[in-house]
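A.B. asks: Take a look at the following structure, please.
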Amino acid sequence: MVKKADISTKKLISIAPENWVKWVTQIPDIITGEIINSEFQWISRESDVLVKATSPQYGEFLVLNELQLRYKLEMPKRMRAYTALAEEKYNLPVYPVLINILKESEEEIPHRYESEFAGLQARQDYRVINLWEVDVEIALSQPIPSLLPFVPILKNGGEEKIVRQALQMLRADEQLSQLETVMAFFATFVLDSVLVQQIMRWDMVVLRESPWYQQIREEGRREGREEGRQAMMSAIELSLEIKFGQEGLQLMPKISQIADLEQLKNIQRGIMTVNNVDELWEFMQSI
């Protein structure tokens, strides 16, 4: 059984930051420095990993690594925000990289944020790396140890013999062996779970402690909550229209701002008991 280990994104990249940064930037003569604080004052979430780097051609700059388990539509806007905040905080140019781990659809993932408002334009380019498009030989033949845990989901990496080869490479290094749980997690996406248990030292207790597992479970919960919320919103809208007509529908902008599902359920029940829109509004303010 694998012992519990720090298998966060920062841990993965910190194993060999220079090799990782050379790969994501494709700047061969790069020299990395410290992994610096990526928490920003004006947003509640920090970006994944900021690495300070230098090269003869570009001088000193930052490499912003944003790893996404699954691509989200808000990522271009987020990449623009993180890049600007990092540049402002450290007063250095920023090379932003978005690394997507699991493939969700066949749609092309944008590598640029663009917007236009009142004749003003904003643009932020960033590099996109989709791990399912990265050939597994890059992880096996080049010294990029941070890629080894992702071998099962890399291009041509979903075969048992390839996973076993990568596993041997992990176990040959005590520091890398801590990442076996990460590899086991991603192996379950392409191999039968029983087979994964046979070739790796892990069990479900250890796997469930993985931040990757926790992220997928939380995403599932969020999606379930959002689906429930959307269904309740539709029910409320229909009830308002049936009982109060257009006057009732005027409350929807306020109701649509409510995220709590229980509160929405109370409003739905309230619609059935009140006599007019004014009473419903008073009821909404009381809950």
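Ordering of the structure tokens sets the chain letters (A, B, ...); residue numbers start at 1 within each chain; ligands are numbered from 1 in the order shown.
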Write out as a PyMOL selection string all residues of segment 39-197 of chain A that backbone DSSP assigns to strand (DSSP E or B).

C.D. replies: chain A and resi 49-55+59-70+94-102+112-117+120-125+127-130+135+155

A.B. asks: Name all residues at most 8 Å from segment 276-284 of chain A (count only C-alpha atoms; drop same-chain ones fewer than 4 positions away) and give them as number ranges by chain.

C.D. replies: A: 244, 247-248, 267, 270-271

A.B. asks: Find the residues near Ile255 of chain A: any atom within 12 Å, counting only C-alpha atoms, skip ones fewer than 4 places away on the same chain, and give them as a list in words.

C.D. replies: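 So, after excluding close chain neighbours, the residues are Arg229, Gln230, Met232, Met233, Ser234, Ala235, Ile236, Glu237, Leu240, Gly248, Leu249, Gln250, Leu251, Ala259, Asp260, Leu261, Gln263, Leu264, Lys265, Asn266, Ile267, Gln268, Leu280, Trp281, Met284 and Gln285 of chain A.
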
A.B. asks: Figure out the distance between atom CA of Met272 of chain A and atom CA of Ile258 of chain A, please, to one decimal in Å.

C.D. replies: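 Going from atom CA of Ile258 of chain A over to atom CA of Met272 of chain A, I get 18.9 Å.
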
A.B. asks: Can you pull out every residue within 10 Å of Leu140 of chain A, counting only C-alpha atoms, but drop anything in the same chain fewer than 6 positions away, and send it as a list in words?

C.D. replies: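 Near neighbours after the sequence-gap exclusion: Leu147, Leu148, Val151, Gly157, Ile162, Gln165, Ala166 and Met169 of chain A.
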
A.B. asks: Grab the atom CA of Val24 of chain A to atom CA of Met183 of chain A distance for me, in Å with one decimal place.

C.D. replies: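 Taking atom CA of Val24 of chain A and atom CA of Met183 of chain A, their separation equals 20.3 Å.
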
A.B. asks: Calculate how many Å separate atom CA of Ile35 of chain A from atom CA of Val51 of chain A, rounding to one decimal.

C.D. replies: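 Atom CA of Ile35 of chain A sits 4.5 Å away from atom CA of Val51 of chain A.
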
A.B. asks: Skipping near chain neighbours, those fewer than 6 positions away, what residues fall within 12 Å of Arg123 of chain A using only C-alpha atoms, listed as a list of chain:residue names?

C.D. replies: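 In the requested form, the answer reads A:Pro76, A:Lys77, A:Met79, A:Arg80, A:Ala81, A:Thr83, A:Ala84, A:His111, A:Arg112, A:Tyr113, A:Glu114, A:Ser115, A:Glu116, A:Phe117.
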
A.B. asks: What's around Ala53 of chain A at 8 Å? Count only C-alpha atoms, leave out sequence neighbours fewer than 2 positions away in its own chain, and write the answer as a VMD selection string.

C.D. replies: chain A and resid 30 to 33 51 55 60 to 63

A.B. asks: With only C-alpha atoms as the atoms that count, which of A:Gly158, A:Pro17, A:Pro145, A:Pro253 lies nearest to Val196 of chain A?

C.D. replies: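 For Val196 of chain A, the nearest of the given residues is A:Gly158.
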
A.B. asks: Using only C-alpha atoms for the distances, tell me which of A:Ser256, A:Ser239, A:Asn65, A:Ser146 is nearest to Val182 of chain A.

C.D. replies: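 Of A:Ser256, A:Ser239, A:Asn65, A:Ser146, the one nearest Val182 of chain A is A:Ser146, counting only C-alpha atoms.
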
A.B. asks: I need the residue nearest Pro93 of chain A from this list: A:Ala187, A:Ile199, A:Gly119, A:Leu64. Use only C-alpha atoms for the distance.

C.D. replies: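 Smallest distance to Pro93 of chain A is found for A:Leu64.
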